[in-house]
Structures are given as C-alpha cells and as structure tokens.
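Source file input15.cif; content: mmCIF, C-alpha atoms.
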```cif
data_upload
#
loop_
_atom_site.label_atom_id
_atom_site.label_comp_id
_atom_site.auth_asym_id
_atom_site.auth_seq_id
_atom_site.Cartn_x
_atom_site.Cartn_y
_atom_site.Cartn_z
CA ASN A 1 152.39 -244.78 -144.26
CA ALA A 2 155.79 -245.81 -142.85
CA SER A 3 154.66 -247.30 -139.55
CA PRO A 4 153.74 -250.75 -140.95
CA SER A 5 157.33 -251.07 -142.24
CA VAL A 6 158.95 -250.59 -138.83
CA VAL A 7 159.80 -253.78 -136.92
CA PHE A 8 160.72 -254.72 -133.37
CA ILE A 9 164.08 -256.47 -132.93
CA THR A 10 164.84 -258.61 -129.89
CA LYS A 11 168.35 -259.82 -129.17
CA LEU A 12 168.44 -263.18 -127.48
CA SER A 13 171.22 -264.64 -125.41
CA VAL A 14 171.76 -268.34 -124.86
CA GLN A 15 172.71 -269.24 -121.28
CA MET A 16 173.06 -272.38 -119.22
CA ASP A 17 170.70 -272.76 -116.26
CA PRO A 18 173.15 -273.89 -113.55
CA PHE A 19 170.44 -275.51 -111.43
CA ARG A 20 168.63 -277.50 -114.09
CA ARG A 21 171.60 -277.90 -116.44
CA ASN A 22 169.58 -276.97 -119.48
CA VAL A 23 170.10 -274.23 -122.03
CA MET A 24 167.84 -271.18 -121.83
CA THR A 25 167.24 -268.42 -124.33
CA ILE A 26 166.60 -265.10 -122.64
CA PRO A 27 166.00 -261.56 -123.97
CA ALA A 28 169.19 -259.49 -124.04
CA GLY A 29 167.97 -256.19 -125.49
CA THR A 30 165.66 -254.61 -128.00
CA GLY A 31 165.79 -252.23 -130.90
CA SER A 32 164.09 -251.26 -134.12
CA GLY A 33 164.48 -251.81 -137.82
CA PHE A 34 162.48 -251.49 -141.01
CA VAL A 35 161.48 -253.78 -143.85
CA TRP A 36 163.51 -253.00 -146.96
CA ASP A 37 161.89 -255.32 -149.51
CA ASP A 38 159.41 -258.16 -149.95
CA LYS A 39 162.23 -260.72 -149.82
CA GLY A 40 162.49 -260.34 -146.04
CA HIS A 41 165.45 -257.95 -145.76
CA VAL A 42 165.35 -255.79 -142.64
CA VAL A 43 167.71 -252.84 -142.09
CA THR A 44 168.82 -251.81 -138.61
CA ASN A 45 171.82 -250.35 -136.81
CA PHE A 46 174.79 -252.66 -136.38
CA HIS A 47 174.95 -251.80 -132.67
CA VAL A 48 171.39 -253.16 -132.25
CA ILE A 49 172.39 -256.69 -133.27
CA LYS A 50 176.16 -256.85 -132.73
CA ASP A 51 175.94 -258.81 -129.47
CA ALA A 52 173.52 -261.28 -131.06
CA ILE A 53 176.00 -262.23 -133.79
CA ASN A 54 178.33 -264.28 -131.61
CA ARG A 55 176.48 -264.90 -128.36
CA GLY A 56 172.92 -265.51 -129.39
CA ARG A 57 170.54 -264.56 -132.07
CA ALA A 58 168.03 -261.94 -133.12
CA LYS A 59 164.30 -262.15 -133.68
CA VAL A 60 162.16 -259.74 -135.66
CA THR A 61 158.51 -259.03 -134.93
CA LEU A 62 156.68 -257.46 -137.86
CA ASN A 63 154.38 -254.52 -137.28
CA ASP A 64 151.29 -256.75 -137.29
CA GLY A 65 152.53 -258.26 -134.01
CA THR A 66 152.66 -261.82 -135.26
CA GLU A 67 155.10 -264.33 -133.82
CA ALA A 68 158.74 -263.22 -133.68
CA LEU A 69 160.70 -264.53 -136.66
CA ASP A 70 164.26 -265.82 -136.55
CA ALA A 71 166.58 -263.32 -138.23
CA VAL A 72 169.79 -264.14 -140.07
CA LEU A 73 172.54 -261.56 -140.51
CA VAL A 74 173.21 -261.17 -144.25
CA GLY A 75 175.26 -257.98 -144.32
CA MET A 76 176.88 -255.39 -142.12
CA GLU A 77 178.99 -252.27 -142.25
CA PRO A 78 180.06 -251.66 -138.64
CA ASP A 79 181.93 -248.48 -139.57
CA LYS A 80 178.61 -246.97 -140.73
CA ASP A 81 176.57 -248.69 -137.98
CA VAL A 82 174.33 -250.47 -140.50
CA ALA A 83 173.28 -254.13 -140.64
CA VAL A 84 170.93 -256.13 -142.84
CA LEU A 85 168.97 -259.09 -141.51
CA ARG A 86 166.74 -261.50 -143.38
CA VAL A 87 163.57 -263.14 -142.14
CA GLU A 88 161.46 -265.85 -143.73
CA ALA A 89 157.98 -264.40 -144.16
CA PRO A 90 155.36 -264.44 -146.89
CA PRO A 91 155.76 -261.38 -149.16
CA ASP A 92 152.20 -260.32 -148.30
CA ASP A 93 153.23 -259.98 -144.63
CA LEU A 94 156.13 -257.65 -145.47
CA VAL A 95 155.57 -253.92 -145.99
CA PRO A 96 158.70 -252.40 -147.55
CA ILE A 97 159.35 -248.80 -146.57
CA ALA A 98 159.11 -246.08 -149.21
CA VAL A 99 162.56 -244.62 -149.79
CA GLY A 100 163.05 -240.87 -150.05
CA SER A 101 166.20 -238.79 -150.27
CA SER A 102 168.30 -237.07 -147.65
CA ALA A 103 170.23 -235.10 -150.29
CA ASP A 104 167.80 -232.18 -150.37
CA LEU A 105 166.94 -231.90 -146.67
CA LEU A 106 166.81 -228.44 -145.14
CA VAL A 107 167.36 -227.34 -141.56
CA GLY A 108 163.91 -226.71 -140.10
CA GLN A 109 162.21 -229.39 -142.21
CA SER A 110 159.76 -231.57 -140.26
CA VAL A 111 160.72 -235.20 -139.63
CA ILE A 112 159.22 -238.19 -137.86
CA ALA A 113 161.14 -240.85 -135.92
CA ILE A 114 159.43 -244.23 -135.67
CA GLY A 115 160.73 -247.03 -133.47
CA ASN A 116 160.30 -249.10 -130.35
CA PRO A 117 161.89 -247.15 -127.49
CA PHE A 118 162.01 -248.94 -124.15
CA GLY A 119 160.31 -251.91 -125.84
CA LEU A 120 157.15 -249.90 -126.58
CA ASP A 121 156.04 -250.86 -130.10
CA ASN A 122 155.21 -248.30 -132.78
CA THR A 123 156.24 -245.12 -131.02
CA LEU A 124 156.29 -242.00 -133.15
CA THR A 125 158.00 -238.73 -132.28
CA THR A 126 158.14 -235.57 -134.35
CA GLY A 127 160.69 -232.84 -134.72
CA VAL A 128 162.70 -230.87 -137.21
CA VAL A 129 166.05 -231.25 -138.88
CA SER A 130 168.26 -229.34 -136.45
CA ALA A 131 171.49 -229.62 -138.45
CA LEU A 132 172.99 -231.47 -141.39
CA GLY A 133 176.42 -232.98 -141.92
CA ARG A 134 177.01 -233.86 -138.28
CA GLU A 135 179.70 -236.34 -137.30
CA VAL A 136 179.11 -238.97 -134.62
CA MET A 137 181.32 -241.73 -133.29
CA GLY A 138 180.34 -245.18 -134.48
CA VAL A 139 180.53 -248.49 -132.64
CA ASN A 140 184.13 -249.00 -133.81
CA ASP A 141 185.19 -245.59 -132.46
CA ARG A 142 185.38 -244.28 -136.01
CA PRO A 143 183.50 -241.16 -137.05
CA ILE A 144 180.37 -241.43 -139.18
CA SER A 145 179.99 -238.23 -141.18
CA GLY A 146 177.02 -236.74 -142.96
CA CYS A 147 174.54 -237.46 -140.17
CA ILE A 148 171.19 -235.74 -139.71
CA GLN A 149 170.59 -234.09 -136.36
CA THR A 150 166.98 -233.85 -135.22
CA ASP A 151 165.19 -232.75 -132.10
CA ALA A 152 162.69 -235.63 -132.44
CA SER A 153 163.08 -237.79 -129.34
CA ILE A 154 165.39 -240.76 -129.91
CA ASN A 155 165.40 -243.05 -126.88
CA PRO A 156 166.98 -246.45 -126.17
CA GLY A 157 165.23 -248.91 -128.47
CA ASN A 158 164.65 -246.33 -131.23
CA SER A 159 168.01 -247.30 -132.73
CA GLY A 160 167.60 -248.83 -136.17
CA GLY A 161 164.15 -247.34 -136.65
CA ALA A 162 163.08 -245.11 -139.50
CA LEU A 163 163.53 -241.37 -139.77
CA VAL A 164 160.98 -240.27 -142.35
CA ASN A 165 159.79 -237.08 -144.03
CA LEU A 166 156.16 -235.98 -143.92
CA LYS A 167 155.40 -238.13 -146.98
CA GLY A 168 156.42 -241.20 -144.94
CA GLU A 169 159.57 -241.72 -147.01
CA LEU A 170 162.75 -243.00 -145.39
CA ILE A 171 165.44 -240.31 -145.11
CA GLY A 172 167.61 -241.76 -142.35
CA ILE A 173 168.10 -244.37 -139.62
CA ASN A 174 167.62 -243.45 -135.96
CA SER A 175 170.95 -244.09 -134.32
CA SER A 176 171.96 -242.24 -131.20
CA ILE A 177 171.25 -239.52 -128.72
CA LEU A 178 173.66 -236.91 -127.49
CA SER A 179 172.97 -236.11 -123.86
CA ARG A 180 175.32 -234.50 -121.40
CA THR A 181 172.91 -235.16 -118.51
CA GLY A 182 171.64 -238.65 -119.37
CA GLY A 183 168.18 -237.30 -120.18
CA ASN A 184 166.62 -236.90 -123.58
#
```
Hey, can you dump this file as structure tokens for me?
Amino acid sequence: NASPSVVFITKLSVQMDPFRRNVMTIPAGTGSGFVWDDKGHVVTNFHVIKDAINRGRAKVTLNDGTEALDAVLVGMEPDKDVAVLRVEAPPDDLVPIAVGSSADLLVGQSVIAIGNPFGLDNTLTTGVVSALGREVMGVNDRPISGCIQTDASINPGNSGGALVNLKGELIGINSSILSRTGGN
C-alpha cells in the first residue's frame, strides 16, 4: 500500500565544463522521500537535499517512473533532519502516504522500510522495532530525540524513505545507520 507513495530523489550539481565552456548538470547523490498530499508536497530528510539547496537542485521521480520532476524546497527543519519539497504534478499522479502513529509502537513490532538504497528503486526491507526513544546526532550536530531504532536494513539512499507498520501506514522516516564496522 505504501510503496506507490515513495519517491526517488536525485540531487543535481551545476558545474562548468572547462573544455567546452558550457554549464553541465550532473547527478550528485540520491535519496528517498514520500508523497505527503495531492498538492505535490514530498517529505524527505534534510540531509538528502541540503547540498542541492545552494549548489544545484533536486529532482523527484514518482513511483511510476515517469520523468524526473523539478523540486522546490518549501520547508525545512535541519535540527530534526526534515525537509519538504514541492513538485508540479497532476493530483492523479500523486499517491499520498497513509499516516499512522508512532505513539503506540512497541519493541518487537514488525516494521517495513521502503526506499531507494544505492539508487535501486522501490527496495523494501523488513524488521522489528528494536528500541524506542533513541537519540541520534542530526546534521547540525544537535541531538534528535525520540527516534525509532529498527533492525530493518537502512542503507545509503534509504534516507528520507518511509518506515511503515504492517498496515502500510507511515510511522517514521528512514534516516541513518549506526555501524561501527562500516557494514550494515
């Protein structure tokens, strides 16, 4: 149910080709997000798009794989690692995610992480809630409290994707991985 709501985000960087003296737009990274409403609002992690704000731009590819749409930043809360983009798309092309609640989660409850790790569209991993109320460091080196810890695989590119319950309802945003070895 939630998979059609998850989008692929590409950060683009604008650079000068020194040999041809023309401006090029090249990919500078990828991430995930999800459609919030039929007005084109897309929620993602701030760290997914932060480099695109000043040095380039971001594009959003909807789940149907149509052409990447230009995204405009309309809101951000860097201290919570959340950003809101907006894309121009017909409402019929947008599939808003169903919103659940994280208030009544229990350790051991099954969860699903949906995103685009390593640029691979529509990847789904499963796991359980491992702990609640965790604190992680945000992009501004400030702690973000109240986080959900899961053992569902979260890889580079999953950031900004949806963490959902078994009903397909949004309960969190995939954000980071803690690894002392560099592996997942």
- Item | Selection result for the PyMOL selection byres ((chain A and resi 149) around 12) on this file, as a PyMOL selection string | chain A and resi 102+105-111+113+127-136+145-148+150-154+163+171-178
Limited to C-alpha atoms, could you put the picked residues into a file as a PDB file, keeping the file's coordinate frame?
```pdb
ATOM      1  CA  SER A 102     168.300-237.070-147.650  1.00  0.00           C
ATOM      2  CA  LEU A 105     166.940-231.900-146.670  1.00  0.00           C
ATOM      3  CA  LEU A 106     166.810-228.440-145.140  1.00  0.00           C
ATOM      4  CA  VAL A 107     167.360-227.340-141.560  1.00  0.00           C
ATOM      5  CA  GLY A 108     163.910-226.710-140.100  1.00  0.00           C
ATOM      6  CA  GLN A 109     162.210-229.390-142.210  1.00  0.00           C
ATOM      7  CA  SER A 110     159.760-231.570-140.260  1.00  0.00           C
ATOM      8  CA  VAL A 111     160.720-235.200-139.630  1.00  0.00           C
ATOM      9  CA  ALA A 113     161.140-240.850-135.920  1.00  0.00           C
ATOM     10  CA  GLY A 127     160.690-232.840-134.720  1.00  0.00           C
ATOM     11  CA  VAL A 128     162.700-230.870-137.210  1.00  0.00           C
ATOM     12  CA  VAL A 129     166.050-231.250-138.880  1.00  0.00           C
ATOM     13  CA  SER A 130     168.260-229.340-136.450  1.00  0.00           C
ATOM     14  CA  ALA A 131     171.490-229.620-138.450  1.00  0.00           C
ATOM     15  CA  LEU A 132     172.990-231.470-141.390  1.00  0.00           C
ATOM     16  CA  GLY A 133     176.420-232.980-141.920  1.00  0.00           C
ATOM     17  CA  ARG A 134     177.010-233.860-138.280  1.00  0.00           C
ATOM     18  CA  GLU A 135     179.700-236.340-137.300  1.00  0.00           C
ATOM     19  CA  VAL A 136     179.110-238.970-134.620  1.00  0.00           C
ATOM     20  CA  SER A 145     179.990-238.230-141.180  1.00  0.00           C
ATOM     21  CA  GLY A 146     177.020-236.740-142.960  1.00  0.00           C
ATOM     22  CA  CYS A 147     174.540-237.460-140.170  1.00  0.00           C
ATOM     23  CA  ILE A 148     171.190-235.740-139.710  1.00  0.00           C
ATOM     24  CA  THR A 150     166.980-233.850-135.220  1.00  0.00           C
ATOM     25  CA  ASP A 151     165.190-232.750-132.100  1.00  0.00           C
ATOM     26  CA  ALA A 152     162.690-235.630-132.440  1.00  0.00           C
ATOM     27  CA  SER A 153     163.080-237.790-129.340  1.00  0.00           C
ATOM     28  CA  ILE A 154     165.390-240.760-129.910  1.00  0.00           C
ATOM     29  CA  LEU A 163     163.530-241.370-139.770  1.00  0.00           C
ATOM     30  CA  ILE A 171     165.440-240.310-145.110  1.00  0.00           C
ATOM     31  CA  GLY A 172     167.610-241.760-142.350  1.00  0.00           C
ATOM     32  CA  ILE A 173     168.100-244.370-139.620  1.00  0.00           C
ATOM     33  CA  ASN A 174     167.620-243.450-135.960  1.00  0.00           C
ATOM     34  CA  SER A 175     170.950-244.090-134.320  1.00  0.00           C
ATOM     35  CA  SER A 176     171.960-242.240-131.200  1.00  0.00           C
ATOM     36  CA  ILE A 177     171.250-239.520-128.720  1.00  0.00           C
ATOM     37  CA  LEU A 178     173.660-236.910-127.490  1.00  0.00           C
TER      38      LEU A 178
END
```
- Message: Can you translate the PyMOL selection byres ((chain A and resi 71-78) around 12) into the concrete residues it hits in this file, as a VMD selection string?
- Response: chain A and resid 7 to 12 33 40 to 54 56 to 62 68 to 70 79 to 89 137 to 144
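Among the candidates A:Ile112, A:Thr126, A:Gly31, A:Ile97, the residue lying nearest to Ser159 of chain A is A:Gly31 (atoms considered: all atoms listed in the file).
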- Task: Name every residue that the PyMOL selection byres ((chain A and resi 63) around 9) selects in this structure, writing the answer as a list in words with chains first and numbers rising.
- Result: Ser3, Pro4, Ser5, Val6, Val7, Phe8, Thr61, Leu62, Asp64, Gly65, Thr66, Leu94, Val95, Asp121 and Asn122 of chain A
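Across the structure, atom CA of Val164 of chain A and atom CA of Gly115 of chain A are spaced 11.2 Å apart.
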- atom CA of Gly100 of chain A and atom CA of Leu166 of chain A are how many Å apart? 10.4 Å
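From atom CA of Ala162 of chain A back to atom CA of Asn1 of chain A, the distance works out to 11.7 Å.
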